[in-house]
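Shown next: my_file.txt, given as compact mmCIF, C-alpha atoms.
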```
# COMPACT_ATOMS: atom_id res chain seq x y z
CA MET K 1 -131.92 56.94 -178.19
CA LYS K 2 -131.97 60.11 -176.16
CA TYR K 3 -134.64 58.50 -173.99
CA PHE K 4 -132.39 55.54 -173.14
CA GLN K 5 -129.47 57.84 -172.43
CA LEU K 6 -131.56 59.80 -169.96
CA LEU K 7 -132.87 56.63 -168.36
CA GLY K 8 -129.34 55.25 -167.99
CA LEU K 9 -128.14 58.51 -166.47
CA ALA K 10 -130.99 58.50 -163.96
CA ALA K 11 -130.28 54.89 -163.02
CA ALA K 12 -126.59 55.60 -162.55
CA PHE K 13 -127.39 58.62 -160.40
CA CYS K 14 -129.71 56.55 -158.19
CA MET K 15 -127.11 53.79 -157.81
CA ALA K 16 -124.47 56.33 -156.85
CA LEU K 17 -126.81 57.89 -154.30
CA ILE K 18 -127.69 54.54 -152.71
CA LEU K 19 -124.09 53.39 -152.60
CA SER K 20 -122.77 56.65 -151.20
CA ASN K 21 -125.46 56.58 -148.50
CA THR K 22 -124.59 53.02 -147.58
CA PHE K 23 -120.95 53.89 -147.20
CA LEU K 24 -121.68 57.12 -145.36
CA CYS K 25 -124.12 55.45 -142.96
CA HIS K 26 -121.74 52.77 -141.93
CA ALA K 27 -118.45 54.63 -142.15
CA TYR K 28 -118.04 54.65 -138.39
CA GLU K 29 -118.39 50.89 -138.11
CA ASP K 30 -114.65 50.74 -138.69
CA THR K 31 -113.82 53.13 -135.86
CA GLN K 32 -112.16 51.96 -132.66
CA CYS K 33 -115.22 53.07 -130.66
CA PHE K 34 -117.57 50.83 -132.58
CA GLN K 35 -115.22 47.87 -132.75
CA CYS K 36 -114.64 47.87 -129.02
CA HIS K 37 -118.10 48.81 -127.73
CA THR K 38 -119.81 46.08 -129.77
CA SER K 39 -117.47 43.40 -128.43
CA ALA K 40 -118.45 42.04 -125.02
CA LYS K 41 -115.04 40.36 -124.70
CA LYS K 42 -113.12 43.58 -125.22
CA LEU K 43 -115.39 45.47 -122.84
CA ILE K 44 -115.05 42.86 -120.10
CA GLU K 45 -111.28 43.08 -120.33
CA ALA K 46 -111.29 46.87 -120.31
CA THR K 47 -113.77 47.25 -117.47
CA ARG K 48 -111.86 44.74 -115.34
CA GLU K 49 -108.74 46.79 -115.87
CA ILE K 50 -110.59 49.97 -114.92
CA ALA K 51 -112.05 48.34 -111.80
CA LYS K 52 -108.55 47.56 -110.50
CA THR K 53 -107.62 51.21 -110.33
CA ARG K 54 -110.90 53.06 -109.85
CA PRO K 55 -111.95 53.78 -106.25
CA ALA K 56 -115.53 53.22 -105.08
CA LEU K 57 -117.97 55.79 -106.43
CA LYS K 58 -120.72 55.31 -103.88
CA SER K 59 -120.50 55.52 -100.13
CA SER K 60 -121.27 52.37 -98.20
CA GLU K 61 -122.73 54.55 -95.45
CA THR K 62 -125.89 55.27 -97.43
CA SER K 63 -128.83 53.60 -95.78
CA GLY K 64 -132.59 53.66 -96.07
CA GLU K 65 -134.89 54.42 -98.95
CA GLY K 66 -134.17 57.36 -101.17
CA MET U 1 -132.55 48.25 -108.49
CA GLU U 2 -129.65 45.95 -109.27
CA PRO U 3 -126.99 47.81 -111.31
CA LEU U 4 -125.80 46.36 -114.61
CA ALA U 5 -122.36 44.73 -114.84
CA PRO U 6 -119.72 47.30 -115.88
CA HIS U 7 -119.35 45.92 -119.42
CA GLU U 8 -123.13 45.68 -119.88
CA LYS U 9 -123.45 49.36 -119.13
CA ILE U 10 -121.42 50.33 -122.17
CA PHE U 11 -122.14 47.51 -124.62
CA VAL U 12 -123.43 48.89 -127.93
CA ASP U 13 -125.79 46.80 -130.05
CA SER U 14 -124.42 46.78 -133.60
CA ASP U 15 -128.03 47.08 -134.83
CA ILE U 16 -127.66 50.78 -134.10
CA VAL U 17 -126.36 51.22 -137.65
CA ASP U 18 -129.83 50.28 -138.89
CA ASP U 19 -131.49 53.10 -136.95
CA GLU U 20 -132.61 55.31 -139.80
CA ASN U 21 -132.63 58.40 -137.60
CA HIS U 22 -129.60 58.01 -135.38
CA GLY U 23 -127.58 55.36 -137.20
CA GLU U 24 -125.76 57.91 -139.31
CA ILE U 25 -124.30 59.74 -136.35
CA ALA U 26 -120.83 58.57 -135.39
CA CYS U 27 -120.03 58.02 -131.71
CA HIS U 28 -117.50 60.85 -131.46
CA GLU U 29 -119.93 63.38 -132.93
CA CYS U 30 -121.84 63.36 -129.66
CA HIS U 31 -119.37 61.93 -127.16
CA GLY U 32 -116.07 63.36 -128.37
CA GLY U 33 -112.85 61.36 -127.94
CA ASN U 34 -110.59 60.10 -130.70
CA PRO U 35 -112.19 57.40 -132.88
CA ASP U 36 -108.94 56.62 -134.68
CA ASP U 37 -106.82 56.00 -131.60
CA PRO U 38 -106.30 52.23 -131.12
CA ASP U 39 -105.47 52.66 -127.42
CA TRP U 40 -108.77 52.89 -125.55
CA LYS U 41 -107.20 54.72 -122.63
CA THR U 42 -106.04 57.66 -124.70
CA ALA U 43 -108.95 57.42 -127.14
CA HIS U 44 -111.33 58.31 -124.31
CA LYS U 45 -109.59 61.59 -123.51
CA GLY U 46 -112.27 64.26 -123.54
CA VAL U 47 -115.16 61.80 -123.84
CA VAL U 48 -118.47 63.11 -122.51
CA LYS U 49 -120.53 60.37 -120.91
CA ASP U 50 -123.88 62.11 -121.25
CA PRO U 51 -123.71 64.72 -124.03
CA THR U 52 -127.34 65.67 -123.34
CA TYR U 53 -126.72 67.13 -119.88
CA PRO U 54 -126.70 69.93 -118.89
CA ASP U 55 -127.27 71.14 -122.46
CA ALA U 56 -128.80 68.93 -125.12
CA THR U 57 -128.57 71.44 -127.95
CA THR U 58 -125.57 69.93 -129.74
CA ALA U 59 -126.55 66.29 -129.32
CA CYS U 60 -130.31 66.45 -129.83
CA GLY U 61 -131.30 70.03 -130.60
CA ASP U 62 -130.62 70.03 -134.34
CA CYS U 63 -133.43 67.56 -135.00
CA HIS U 64 -135.56 67.73 -131.84
CA ASP U 65 -135.55 71.50 -131.71
CA GLU U 66 -139.01 71.93 -130.18
CA ILE U 67 -138.29 69.58 -127.31
CA ASN U 68 -134.85 71.02 -126.82
CA GLU U 69 -136.28 74.53 -126.59
CA ASN U 70 -138.09 73.60 -123.37
CA TYR U 71 -135.45 71.23 -122.06
CA GLN U 72 -133.89 73.47 -119.42
CA LYS U 73 -137.30 74.21 -117.92
CA SER U 74 -138.44 70.61 -117.72
CA LEU U 75 -138.69 69.73 -114.04
CA HIS U 76 -136.74 66.53 -114.64
CA VAL U 77 -133.80 68.64 -115.71
CA SER U 78 -134.16 71.81 -113.67
CA LEU U 79 -135.28 70.30 -110.33
CA ARG U 80 -136.67 73.76 -109.70
CA PRO U 81 -139.30 72.76 -107.10
CA TYR U 82 -136.63 71.02 -105.01
CA LYS U 83 -134.50 74.14 -104.98
CA LEU U 84 -137.41 76.46 -104.26
CA ILE U 85 -138.59 74.38 -101.35
CA ILE U 86 -135.16 74.17 -99.72
CA ASP U 87 -134.77 77.87 -100.40
CA LYS U 88 -137.97 78.65 -98.51
CA ARG U 89 -136.91 76.60 -95.53
CA ALA U 90 -133.34 77.90 -95.56
CA SER U 91 -131.75 80.50 -93.34
CA SER U 92 -131.34 83.95 -94.85
CA ASN U 93 -127.72 84.11 -93.68
CA THR U 94 -125.49 84.25 -96.78
CA VAL U 95 -122.66 82.16 -95.32
CA ILE U 96 -125.10 79.43 -94.29
CA ARG U 97 -126.83 79.56 -97.67
CA ASN U 98 -123.52 79.10 -99.49
CA LYS U 99 -122.72 76.00 -97.42
CA LEU U 100 -126.23 74.73 -98.02
CA GLY U 101 -125.75 75.25 -101.76
CA CYS U 102 -122.61 73.10 -101.58
CA ALA U 103 -124.53 70.37 -99.73
CA MET U 104 -127.29 70.44 -102.33
CA ASN U 105 -124.76 70.13 -105.12
CA ASN U 106 -123.30 67.06 -103.43
CA HIS U 107 -126.57 65.34 -102.64
CA CYS U 108 -129.62 66.70 -104.43
CA SER U 109 -128.50 67.76 -107.88
CA GLU U 110 -127.58 64.26 -109.06
CA CYS U 111 -131.27 63.37 -109.12
CA HIS U 112 -131.89 65.17 -112.42
CA SER U 113 -132.57 63.42 -115.67
CA SER U 114 -131.70 64.26 -119.28
CA CYS U 115 -132.62 63.17 -122.81
CA GLY U 116 -129.96 60.47 -122.63
CA GLN U 117 -130.84 59.29 -119.16
CA CYS U 118 -134.38 58.44 -120.24
CA HIS U 119 -134.10 57.43 -123.88
CA ILE U 120 -130.66 55.79 -124.04
CA SER U 121 -129.49 54.78 -120.59
CA ARG U 122 -130.71 54.27 -117.09
CA PRO U 123 -130.46 57.43 -114.97
CA ASN U 124 -127.09 58.23 -113.39
CA SER U 125 -128.63 58.10 -109.94
CA VAL U 126 -128.97 54.31 -110.36
CA GLU U 127 -125.49 54.02 -111.86
CA GLY U 128 -126.56 54.35 -115.48
CA GLY U 129 -125.92 51.78 -118.20
CA PHE U 130 -127.41 51.51 -121.69
CA LEU U 131 -131.03 50.42 -121.81
CA ASP U 132 -130.75 48.28 -124.90
CA GLY U 133 -127.26 48.53 -126.27
CA HIS U 134 -127.59 52.29 -126.89
CA LEU U 135 -130.58 51.73 -129.19
CA PHE U 136 -132.75 54.83 -128.82
CA GLN U 137 -135.97 54.19 -126.89
CA LYS U 138 -138.83 56.41 -127.97
CA LYS U 139 -140.77 55.40 -124.87
CA PRO U 140 -138.46 54.96 -121.89
CA PRO U 141 -139.08 51.56 -120.26
CA MET U 142 -141.00 51.99 -117.01
CA GLN U 143 -139.01 49.76 -114.72
CA GLU U 144 -135.57 50.72 -115.92
CA VAL U 145 -136.12 54.44 -116.17
CA CYS U 146 -139.20 55.84 -114.42
CA THR U 147 -139.24 53.64 -111.36
CA ALA U 148 -135.46 53.53 -111.22
CA CYS U 149 -135.76 56.95 -109.59
CA HIS U 150 -139.38 56.91 -108.46
CA GLY U 151 -138.88 53.60 -106.72
CA SER U 152 -139.46 53.47 -103.01
CA ARG U 153 -142.86 55.12 -103.19
CA ILE U 154 -144.33 55.10 -106.70
CA GLN U 155 -142.96 51.79 -107.94
CA LYS U 156 -143.90 49.78 -104.87
CA GLU U 157 -147.32 51.37 -104.68
CA TYR U 158 -148.08 50.98 -108.36
CA LEU U 159 -146.84 47.40 -108.68
CA GLY U 160 -148.34 46.30 -105.36
CA GLU U 161 -144.98 45.35 -103.88
CA HIS U 162 -145.98 46.31 -100.36
CA GLU U 163 -147.15 43.37 -98.31
CA GLY U 164 -150.90 43.22 -97.91
CA LEU U 165 -151.60 45.93 -100.48
CA SER U 166 -152.86 45.51 -104.01
CA PRO U 167 -151.29 47.03 -107.11
CA SER U 168 -152.97 49.98 -108.71
CA ILE U 169 -155.96 49.02 -110.80
CA HIS U 170 -154.22 50.87 -113.63
CA LYS U 171 -151.30 48.48 -113.41
CA GLN U 172 -153.68 45.57 -113.66
CA LYS U 173 -155.05 47.17 -116.82
CA TYR U 174 -151.47 47.00 -118.18
CA MET U 175 -150.97 50.75 -118.15
CA LYS U 176 -147.41 52.06 -118.10
CA CYS U 177 -146.38 55.45 -116.71
CA ASP U 178 -146.61 57.15 -120.08
CA LYS U 179 -150.34 56.43 -120.33
CA CYS U 180 -150.94 59.25 -117.83
CA HIS U 181 -147.57 61.06 -117.84
CA THR U 182 -147.15 62.00 -121.46
CA GLY U 183 -143.98 62.94 -123.28
CA GLU U 184 -145.27 66.52 -123.42
CA GLU U 185 -145.50 66.61 -119.64
CA MET U 186 -142.04 65.11 -119.23
CA HIS U 187 -140.41 67.43 -121.76
CA GLY U 188 -142.04 70.57 -120.35
CA ASN U 189 -143.81 73.32 -122.18
CA GLY U 190 -141.37 76.14 -121.57
CA LYS U 191 -142.95 77.39 -118.37
CA GLU U 192 -140.99 77.47 -115.15
CA TYR U 193 -143.18 75.66 -112.66
CA ALA U 194 -142.74 75.95 -108.93
CA HIS U 195 -144.31 72.57 -108.23
CA ARG U 196 -144.97 69.41 -110.16
CA TYR U 197 -148.65 69.70 -109.33
CA ASP U 198 -148.75 73.02 -111.18
CA VAL U 199 -147.73 71.52 -114.52
CA GLU U 200 -150.53 72.31 -116.95
CA ASN U 201 -150.34 69.15 -119.00
CA GLY U 202 -149.94 66.90 -115.98
CA PRO U 203 -152.40 64.03 -115.60
CA LYS U 204 -155.92 64.48 -114.30
CA CYS U 205 -158.14 61.52 -113.41
CA VAL U 206 -161.09 63.08 -115.21
CA ASP U 207 -159.14 63.13 -118.48
CA CYS U 208 -160.07 59.45 -118.76
CA HIS U 209 -162.90 59.18 -116.24
CA LYS U 210 -164.99 61.79 -118.00
CA GLU U 211 -168.34 60.19 -117.17
CA ILE U 212 -168.27 60.18 -113.39
CA TYR U 213 -170.43 63.30 -112.94
CA LYS U 214 -172.95 62.40 -115.63
CA ARG U 215 -176.47 61.51 -114.58
CA GLU U 216 -176.34 57.99 -115.93
CA ALA U 217 -172.97 57.23 -114.34
CA LYS U 218 -172.55 54.69 -111.58
CA ASN U 219 -172.03 56.37 -108.19
CA VAL U 220 -172.91 59.74 -109.68
CA ILE U 221 -174.43 61.00 -106.42
CA THR U 222 -171.32 60.14 -104.42
CA HIS U 223 -169.08 61.76 -107.01
CA ARG U 224 -171.19 64.90 -107.23
CA ILE U 225 -171.44 65.28 -103.45
CA HIS U 226 -167.68 65.04 -103.04
CA LYS U 227 -166.70 67.11 -106.08
CA ASP U 228 -164.23 69.83 -105.03
CA LYS U 229 -164.47 68.62 -101.44
CA ALA U 230 -162.24 65.55 -101.56
CA SER U 231 -159.61 64.58 -104.08
CA CYS U 232 -160.01 61.29 -105.99
CA HIS U 233 -157.21 59.80 -103.89
CA VAL U 234 -159.08 60.40 -100.64
CA CYS U 235 -161.59 57.74 -101.63
CA HIS U 236 -159.55 55.56 -103.98
CA SER U 237 -156.01 55.28 -102.53
CA GLN U 238 -154.78 52.49 -100.32
CA PRO U 239 -152.34 53.18 -97.46
CA TYR U 240 -148.97 54.39 -98.72
CA ASN U 241 -145.38 54.76 -97.68
CA ASN U 242 -144.35 57.74 -95.55
CA CYS U 243 -140.75 58.69 -94.93
CA SER U 244 -139.15 60.23 -91.89
CA ALA U 245 -136.00 62.27 -91.58
CA CYS U 246 -133.19 62.23 -94.11
CA HIS U 247 -129.63 63.23 -93.16
CA VAL U 248 -126.81 63.79 -95.59
CA GLY U 249 -123.05 63.81 -95.17
CA LYS U 250 -119.71 62.64 -96.51
CA ASP U 251 -117.84 59.53 -95.41
CA LYS U 252 -114.10 59.24 -94.63
CA GLN U 253 -113.30 58.84 -98.32
CA GLY U 254 -115.22 62.01 -99.14
CA LEU U 255 -118.12 60.19 -100.77
CA ALA U 256 -121.59 61.61 -100.33
CA PHE U 257 -124.16 59.53 -98.45
CA PHE U 258 -127.67 59.85 -97.12
CA LYS U 259 -129.43 58.12 -94.27
CA THR U 260 -133.16 57.98 -93.94
CA LYS U 261 -134.90 56.87 -90.79
CA SER U 262 -137.63 54.27 -90.88
CA SER U 263 -140.60 54.61 -93.21
CA TRP U 264 -144.13 53.58 -92.33
CA PHE U 265 -147.50 52.93 -93.93
CA ASP U 266 -150.33 55.23 -93.29
CA PHE U 267 -153.28 56.86 -94.91
CA LYS U 268 -153.93 60.40 -93.81
CA ILE U 269 -156.42 62.90 -95.09
CA GLY U 270 -155.51 66.52 -94.44
CA LEU U 271 -156.33 70.02 -95.58
CA ASN U 272 -155.13 70.78 -99.08
CA PRO U 273 -151.90 72.82 -98.87
CA LEU U 274 -151.92 73.58 -102.61
CA LYS U 275 -155.48 74.70 -103.14
CA SER U 276 -155.90 76.12 -106.61
CA GLU U 277 -158.34 76.29 -109.50
CA LYS U 278 -156.88 73.03 -110.72
CA ARG U 279 -156.96 71.41 -107.27
CA PRO U 280 -159.85 73.01 -105.43
CA GLU U 281 -160.51 70.14 -103.02
CA LYS U 282 -160.62 70.85 -99.33
CA PHE U 283 -159.42 67.37 -98.34
CA VAL U 284 -156.48 65.56 -99.93
CA THR U 285 -154.18 62.69 -99.06
CA LEU U 286 -150.99 63.79 -97.31
CA ARG U 287 -147.64 62.04 -97.17
CA HIS U 288 -144.78 62.71 -94.75
CA VAL U 289 -141.67 63.57 -96.76
CA PRO U 290 -138.07 62.80 -95.77
CA VAL U 291 -136.98 66.15 -94.41
CA ASP U 292 -135.81 67.23 -91.00
CA LYS U 293 -134.60 70.43 -89.40
CA ARG U 294 -131.16 68.84 -89.13
CA THR U 295 -130.97 67.29 -92.61
CA PHE U 296 -127.89 69.36 -93.54
CA ASP U 297 -126.21 69.51 -90.11
CA PHE U 298 -123.08 67.78 -91.47
CA TYR U 299 -122.42 70.86 -93.61
CA VAL U 300 -123.81 73.67 -91.50
CA LYS U 301 -125.95 73.97 -88.39
CA ASP U 302 -129.35 75.67 -88.56
CA ALA U 303 -129.35 75.60 -92.36
CA LEU U 304 -133.13 75.19 -92.37
CA SER U 305 -133.94 77.82 -89.80
CA ASN U 306 -137.18 78.64 -91.63
CA PHE U 307 -138.21 75.01 -91.57
CA ASP U 308 -141.72 75.78 -90.35
CA THR U 309 -142.69 77.79 -93.44
CA LEU U 310 -143.72 74.58 -95.24
CA PRO U 311 -145.47 71.44 -94.04
CA THR U 312 -143.69 68.11 -93.73
CA TRP U 313 -146.97 66.38 -94.58
CA LYS U 314 -147.39 67.21 -98.24
CA LEU U 315 -150.05 66.79 -100.87
CA ALA U 316 -149.66 63.28 -102.24
CA THR U 317 -151.15 61.36 -105.11
CA PRO U 318 -150.43 57.75 -104.14
CA HIS U 319 -150.15 55.47 -107.16
CA ASN U 320 -152.12 52.58 -105.68
CA ILE U 321 -155.62 53.44 -106.84
CA ARG U 322 -158.44 50.95 -106.40
CA LEU U 323 -162.12 51.24 -107.20
CA LYS U 324 -163.05 49.87 -103.79
CA THR U 325 -161.04 50.77 -100.71
CA THR U 326 -161.50 50.45 -96.96
CA GLN U 327 -162.46 54.09 -96.61
CA ASN U 328 -165.04 54.11 -99.42
CA ALA U 329 -166.77 50.88 -98.37
CA SER U 330 -169.59 53.01 -96.96
CA CYS U 331 -170.16 56.66 -96.04
CA ASN U 332 -169.36 56.02 -92.41
CA ALA U 333 -166.20 54.11 -93.18
CA CYS U 334 -164.80 57.62 -93.64
CA HIS U 335 -167.26 60.05 -92.10
CA GLY U 336 -166.61 60.39 -88.41
CA ASN U 337 -163.55 58.09 -88.67
CA GLU U 338 -160.89 60.16 -86.90
CA ALA U 339 -158.16 57.60 -87.63
CA LEU U 340 -158.15 58.57 -91.31
CA PHE U 341 -157.52 62.26 -90.71
CA LEU U 342 -154.27 64.01 -89.86
CA LEU U 343 -154.93 65.38 -86.40
CA GLU U 344 -152.68 67.36 -84.11
CA LYS U 345 -151.94 64.24 -82.07
CA ASP U 346 -150.52 62.50 -85.17
CA VAL U 347 -147.74 65.04 -85.63
CA GLU U 348 -144.50 65.28 -83.68
CA ASP U 349 -144.20 68.33 -81.43
CA SER U 350 -141.23 69.63 -83.42
CA GLU U 351 -143.34 69.64 -86.61
CA LYS U 352 -146.64 70.97 -85.30
CA GLU U 353 -145.96 74.55 -86.37
CA ALA U 354 -144.87 73.48 -89.88
CA ASN U 355 -148.04 71.48 -90.37
CA LYS U 356 -150.56 73.80 -88.75
CA ASN U 357 -152.25 74.56 -92.08
CA VAL U 358 -152.76 70.94 -93.12
CA LEU U 359 -153.93 69.48 -89.80
CA VAL U 360 -157.64 68.74 -89.66
CA PRO U 361 -159.40 70.27 -86.66
CA VAL U 362 -161.70 67.64 -85.12
CA ASN U 363 -164.76 69.79 -85.82
CA LEU U 364 -163.98 69.68 -89.57
CA ILE U 365 -164.11 65.90 -89.80
CA PRO U 366 -167.29 65.10 -91.74
CA LYS U 367 -170.00 63.88 -89.40
CA LYS U 368 -171.38 60.36 -89.53
CA GLN U 369 -174.22 60.00 -92.04
CA LYS U 370 -177.64 58.55 -91.34
CA TRP U 371 -178.51 58.49 -95.03
CA GLN U 372 -176.54 56.50 -97.57
CA PRO U 373 -176.89 56.79 -101.34
CA LYS U 374 -177.98 53.57 -103.05
```

Just give me the structure as structure tokens.
Amino acid sequence: MKYFQLLGLAAAFCMALILSNTFLCHAYEDTQCFQCHTSAKKLIEATREIAKTRPALKSSETSGEG
Amino acid sequence: MEPLAPHEKIFVDSDIVDDENHGEIACHECHGGNPDDPDWKTAHKGVVKDPTYPDATTACGDCHDEINENYQKSLHVSLRPYKLIIDKRASSNTVIRNKLGCAMNNHCSECHSSCGQCHISRPNSVEGGFLDGHLFQKKPPMQEVCTACHGSRIQKEYLGEHEGLSPSIHKQKYMKCDKCHTGEEMHGNGKEYAHRYDVENGPKCVDCHKEIYKREAKNVITHRIHKDKASCHVCHSQPYNNCSACHVGKDKQGLAFFKTKSSWFDFKIGLNPLKSEKRPEKFVTLRHVPVDKRTFDFYVKDALSNFDTLPTWKLATPHNIRLKTTQNASCNACHGNEALFLLEKDVEDSEKEANKNVLVPVNLIPKKQKWQPK
């Protein structure tokens, strides 16, 4: 009987460990960062909006091989 | 290289959660920002684009502690040789040096790399962008990372993109950069090198071609005769790209720019300016580098008043190696062939003094041979 109790306890412990890891690993999937940066549609909209206001970052006067 | 579309640069592959090493780290742990803010504009307040530069300790150091220990001394991060070389050519005047420092910050310092700019994204100098949806790349992809920066010379030479020239034989054997340039070399070993050719674990041809001096080896006589006299590249490189002057400045909007004059193909053997135990050869291939006395004139005149302390024709290891080349077709394809050597007449008057130690006096050109090894 004691043997089965121990076995059950060990199994429960393992299950808890696996489940907690799964939830921990993927906890950030629900964050705004992840939701937006894995959606091409959202990124296209955001980057278009940025492009409207952001000035050029590179000079057009650069010429020749670097 | 063509930059990625803005949204492609920051698109994250959701498979990142399956990365057993990095998948547990939440975005904000490295990049900052507010992960709970639904408004992306305010959520990005305080976000760090590349959390691995200039210090990778927080982002990478906890796990990759050995690599991180040497990070600041890796030449890809420190750019130390660049700085030392400009420093040697620079005026000793403090005011001029300060202005030169400002110019270098605007134009030269962006050419560094970082952990992130090799293993996660393209380098900033080519406008960045994730390599594969922010999935970590153990081996940085050659054409998106290495040749993104080392493009106009190394890439075109190695891939045979110059008209009339063949790719390196190593390319045709499907070798990527990391076959010769190992991770250890890239990450540094903690020593502060003054030149990339000083790096102890840098590539050496004989690391792979161990047999060339052995009795039974093909061409053993030729290799033994030329050992320590001519570098491997002298016999096995094809012509390569040489660059002329580079000038830097800022446009009307205050954006930094550079302008290089025309480049040209040439193959020039000169005297070894970096003779050492590791590189004892008398003759090496030399390449003209894009520097000029007036490179920094936009910022300050006479910034490089000690220009002549270093040659403008520098030791080069062109990446277009072939077994058979024009100059190794026979002994006399090279011996007595003045056109292959960097002579005084090949150098502009304004650069003669700078190059005096690498020019080959006519009497040092190996004489034509009557005897040829079989």

List as CSV every residue of chain U that is in contact with chain K, defined as an atom at most 9 Å from one of its atoms (using all atoms listed in the file), together with the nearest atom pair and the distance in Å rounded to one decimal, sorted by chain and then rising number.
```
residue,atom,partner,partner_atom,distance
U:Pro6,CA,K:Thr47,CA,6.2
U:His7,CA,K:Leu43,CA,5.3
U:Glu8,CA,K:Ala40,CA,7.8
U:Ile10,CA,K:His37,CA,6.7
U:Phe11,CA,K:His37,CA,5.3
U:Val12,CA,K:Thr38,CA,4.9
U:Asp13,CA,K:Thr38,CA,6.0
U:Ser14,CA,K:Thr38,CA,6.0
U:Val17,CA,K:His26,CA,6.5
U:Asp18,CA,K:Cys25,CA,8.7
U:Gly23,CA,K:Cys25,CA,6.7
U:Glu24,CA,K:Cys25,CA,4.7
U:Ile25,CA,K:Cys25,CA,7.9
U:Ala26,CA,K:Tyr28,CA,5.7
U:Cys27,CA,K:Cys33,CA,7.0
U:His28,CA,K:Cys33,CA,8.1
U:Asn34,CA,K:Cys33,CA,8.4
U:Pro35,CA,K:Gln32,CA,5.4
U:Asp36,CA,K:Gln32,CA,6.0
U:Asp37,CA,K:Gln32,CA,6.8
U:Pro38,CA,K:Gln32,CA,6.1
U:Asp39,CA,K:Gln32,CA,8.5
U:Trp40,CA,K:Gln32,CA,7.9
U:Ala43,CA,K:Gln32,CA,8.4
U:Gly133,CA,K:Thr38,CA,8.6
U:Cys149,CA,K:Gly66,CA,8.6
U:His150,CA,K:Gly66,CA,9.0
U:Gly151,CA,K:Gly66,CA,8.2
U:Ser152,CA,K:Glu65,CA,6.2
U:Cys243,CA,K:Glu65,CA,8.3
U:Cys246,CA,K:Gly66,CA,8.6
U:Val248,CA,K:Thr62,CA,8.8
U:Lys250,CA,K:Ser59,CA,8.0
U:Asp251,CA,K:Ser59,CA,6.7
U:Gln253,CA,K:Ser59,CA,8.1
U:Gly254,CA,K:Ser59,CA,8.4
U:Leu255,CA,K:Ser59,CA,5.3
U:Ala256,CA,K:Ser59,CA,6.2
U:Phe257,CA,K:Thr62,CA,4.7
U:Phe258,CA,K:Thr62,CA,4.9
U:Lys259,CA,K:Ser63,CA,4.8
U:Thr260,CA,K:Gly64,CA,4.9
U:Lys261,CA,K:Gly64,CA,6.6
U:Ser262,CA,K:Gly64,CA,7.3
U:Ser263,CA,K:Glu65,CA,8.1
U:Pro290,CA,K:Gly66,CA,8.6
```

Review point. Between CA of Leu271 (chain U) and CA of Phe283 (chain U), what is the distance, to one decimal in Å?
Key: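 Between CA of Leu271 (chain U) and CA of Phe283 (chain U) the gap works out to 4.9 Å.
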
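Residue nearest Pro239 (chain U) within the list U:Leu286, U:Ile67, U:Cys60, U:Cys30: U:Leu286 [criterion: smallest interatomic distance, all atoms listed in the file].
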
Practice item. Considering only C-alpha atoms, return as a list of chain:residue names whatever protein or nucleic-acid residues lie within 10 Å of Lys176 (chain U), sequence-local ones (same chain, fewer than 2 positions apart) excluded. Key: U:Pro141, U:Met142, U:Gln143, U:Cys146, U:Tyr158, U:His170, U:Lys171, U:Lys173, U:Tyr174, U:Asp178, U:Lys179, U:Cys180, U:His181

Would you output that residue set with C-alpha atoms, as a JSON list (two decimals), in the frame of the given file?
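Dumped everything to result.json:
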```json
[["chain", "number", "residue", "atom", "x", "y", "z"],
["U", 141, "PRO", "CA", -139.08, 51.56, -120.26],
["U", 142, "MET", "CA", -141.00, 51.99, -117.01],
["U", 143, "GLN", "CA", -139.01, 49.76, -114.72],
["U", 146, "CYS", "CA", -139.20, 55.84, -114.42],
["U", 158, "TYR", "CA", -148.08, 50.98, -108.36],
["U", 170, "HIS", "CA", -154.22, 50.87, -113.63],
["U", 171, "LYS", "CA", -151.30, 48.48, -113.41],
["U", 173, "LYS", "CA", -155.05, 47.17, -116.82],
["U", 174, "TYR", "CA", -151.47, 47.00, -118.18],
["U", 178, "ASP", "CA", -146.61, 57.15, -120.08],
["U", 179, "LYS", "CA", -150.34, 56.43, -120.33],
["U", 180, "CYS", "CA", -150.94, 59.25, -117.83],
["U", 181, "HIS", "CA", -147.57, 61.06, -117.84]]
```

Review point. What lies within 7 Å of Asn272 (chain U) using all atoms listed in the file, ignoring chain neighbours under 5 positions off, as an MDAnalysis selection string?
Key: chainID U and resid 281:284 315 358

Check your understanding: Restricting the calculation to only C-alpha atoms, which member of U:Asp15, U:Leu100, U:Asn21, U:Leu4 is positioned closest to Lys301 (chain U)?
Key ->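 Of U:Asp15, U:Leu100, U:Asn21, U:Leu4, the one nearest Lys301 (chain U) is U:Leu100, counting only C-alpha atoms.
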
Review point. What separation in Å, quoted to one decimal, exists between CA of Ala329 (chain U) and CA of Glu211 (chain U)?
Key: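 The value is 21.0 Å.
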
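What separates CA of Lys293 (chain U) from CA of Lys352 (chain U) is a distance of 12.7 Å.
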
Exercise for review: Measuring atom to atom with only C-alpha atoms, identify which of U:Leu364, U:Cys102, U:Ala217, U:Leu75 is nearest to Glu184 (chain U).
Suggested key: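 Answer, going by the shortest atom-to-atom distance: U:Leu75.
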
Review point. Which neighbours of Asp55 (chain U) fall inside 12 Å, counting all atoms listed in the file, when residues of the same chain fewer than 4 positions from it are skipped, and could you give them as a ChimeraX atom specification?
Key: /U:30,48,50-51,59-61,68-73,77-78,113-116
